[in-house]
Amino acid sequence: MPVKRVDCFFLEVEDKPGVLAQVARQLRDEKINLKGLWGYSNAQGKGRIACVPQNNKKFLDGAKRLGLSTTREAAFHISGPDKVGALCNVLDVLDKEHININVLDAISFSGRFGSYVWVDPKDVKSAAKALKV
């Protein structure tokens with residue numbers, strides 16, 4: 001099953017209606033394609049938007065033009081045929097290496113699944129090695 005290390009860029013935003021839609025429109029107008037997009041509130045009452053762009057340079061250049069401040073974190077993208085227990089092998093590899101998963105997001109569609117996994121920044125190199133990426 002393919003596993004890729006990807007860059008995820010985070011934006012700290014106001015936690016109010018319409019902010020995610022506004023950012024999505026701005027990125028669309030910059031012709032920035034995203035492989036992943038998440039919006040959520042954090043414990044401090046702020047909003048956070050996570051973006052995995054198709055092209056990092058285009059995303060960073062567009063974010064700069066838009067005045068958006070970003071932070072970068074590594075994540076792992078896993079994809080494959082949708083079947084029972086599809087993620088178990090990857091989860092078992094990380095467990096065997098005692099690597100804690102901070103966040104996991106997965107979805108299936110039309111017989112395929114995709115997942116993004118975030119680990120603690122101090123564990124990214126170990127996770128990449130364990131996952132052979």
# chains A, B, ... in the order shown; residues from 1 in each chain; ligands from 1
$ residues_around --residues "A:Arg112" --least-positions-apart "3" --cutoff "12 Å" --atoms "only C-alpha atoms" --output "list in words"
Met1, Ile78, Ser79, Gly80, Pro81, Asp82, Lys83, Val84, Ala86, Leu87, Ala106, Ile107, Ser108, Phe109 and Ser115 of chain A
$ residues_around --residues "stretch 10-16 of chain A" --least-positions-apart "4" --cutoff "7 Å" --atoms "only C-alpha atoms" --output "VMD selection string"
chain A and resid 41 45 to 51 69 to 72
$ write_last_selection --atoms "N, CA and C atoms" --output "compact mmCIF listing (two decimals), in the first residue's frame"
# COMPACT_ATOMS: atom_id res chain seq x y z
N SER A 41 -11.68 23.84 15.44
CA SER A 41 -11.37 24.74 16.54
C SER A 41 -10.31 24.08 17.41
N GLY A 45 -9.73 28.29 21.61
CA GLY A 45 -10.86 29.02 21.04
C GLY A 45 -10.55 29.68 19.70
N LYS A 46 -9.47 29.30 19.08
CA LYS A 46 -9.12 29.81 17.76
C LYS A 46 -9.46 28.75 16.72
N GLY A 47 -9.54 29.17 15.48
CA GLY A 47 -9.74 28.24 14.39
C GLY A 47 -8.41 27.84 13.79
N ARG A 48 -8.37 26.66 13.24
CA ARG A 48 -7.15 26.18 12.59
C ARG A 48 -7.56 25.51 11.29
N ILE A 49 -6.87 25.86 10.23
CA ILE A 49 -7.10 25.26 8.93
C ILE A 49 -5.83 24.51 8.54
N ALA A 50 -6.00 23.26 8.13
CA ALA A 50 -4.89 22.43 7.68
C ALA A 50 -5.04 22.20 6.18
N CYS A 51 -3.95 22.39 5.44
CA CYS A 51 -3.97 22.24 3.99
C CYS A 51 -2.81 21.35 3.54
N SER A 69 -0.28 33.57 7.12
CA SER A 69 0.89 33.04 7.82
C SER A 69 0.69 31.55 8.02
N THR A 70 1.68 30.76 7.67
CA THR A 70 1.56 29.31 7.75
C THR A 70 2.65 28.70 8.62
N THR A 71 2.34 27.54 9.18
CA THR A 71 3.35 26.68 9.79
C THR A 71 3.27 25.35 9.07
N ARG A 72 4.41 24.66 9.01
CA ARG A 72 4.49 23.40 8.26
C ARG A 72 4.73 22.24 9.21
$ closest_residue --among "A:Lys57, A:Lys96, A:Lys35, A:His77" --to "A:Val6" --atoms "only C-alpha atoms"
A:His77
$ atom_distance --atom1 "atom CA of A:Leu94" --atom2 "atom CA of A:Ala130"
7.0 Å
$ residues_around --residues "A:Gly36" --least-positions-apart "5" --cutoff "9 Å" --atoms "only C-alpha atoms" --output "MDAnalysis selection string"
chainID A and resid 8 50:54 116
$ closest_residue --among "A:Leu68, A:Ile101, A:Leu34, A:Val19" --to "A:Asn56" --atoms "only C-alpha atoms"
A:Leu34
$ closest_residue --among "A:Ala74, A:Gly62, A:Lys125, A:Leu91" --to "A:Asp29" --atoms "only C-alpha atoms"
A:Gly62
$ select_by_dssp --residues "chain A" --states "strand (DSSP E)" --output "ChimeraX atom specification"
/A:3-13,34-41,47-53,71-81,101-109,112-119
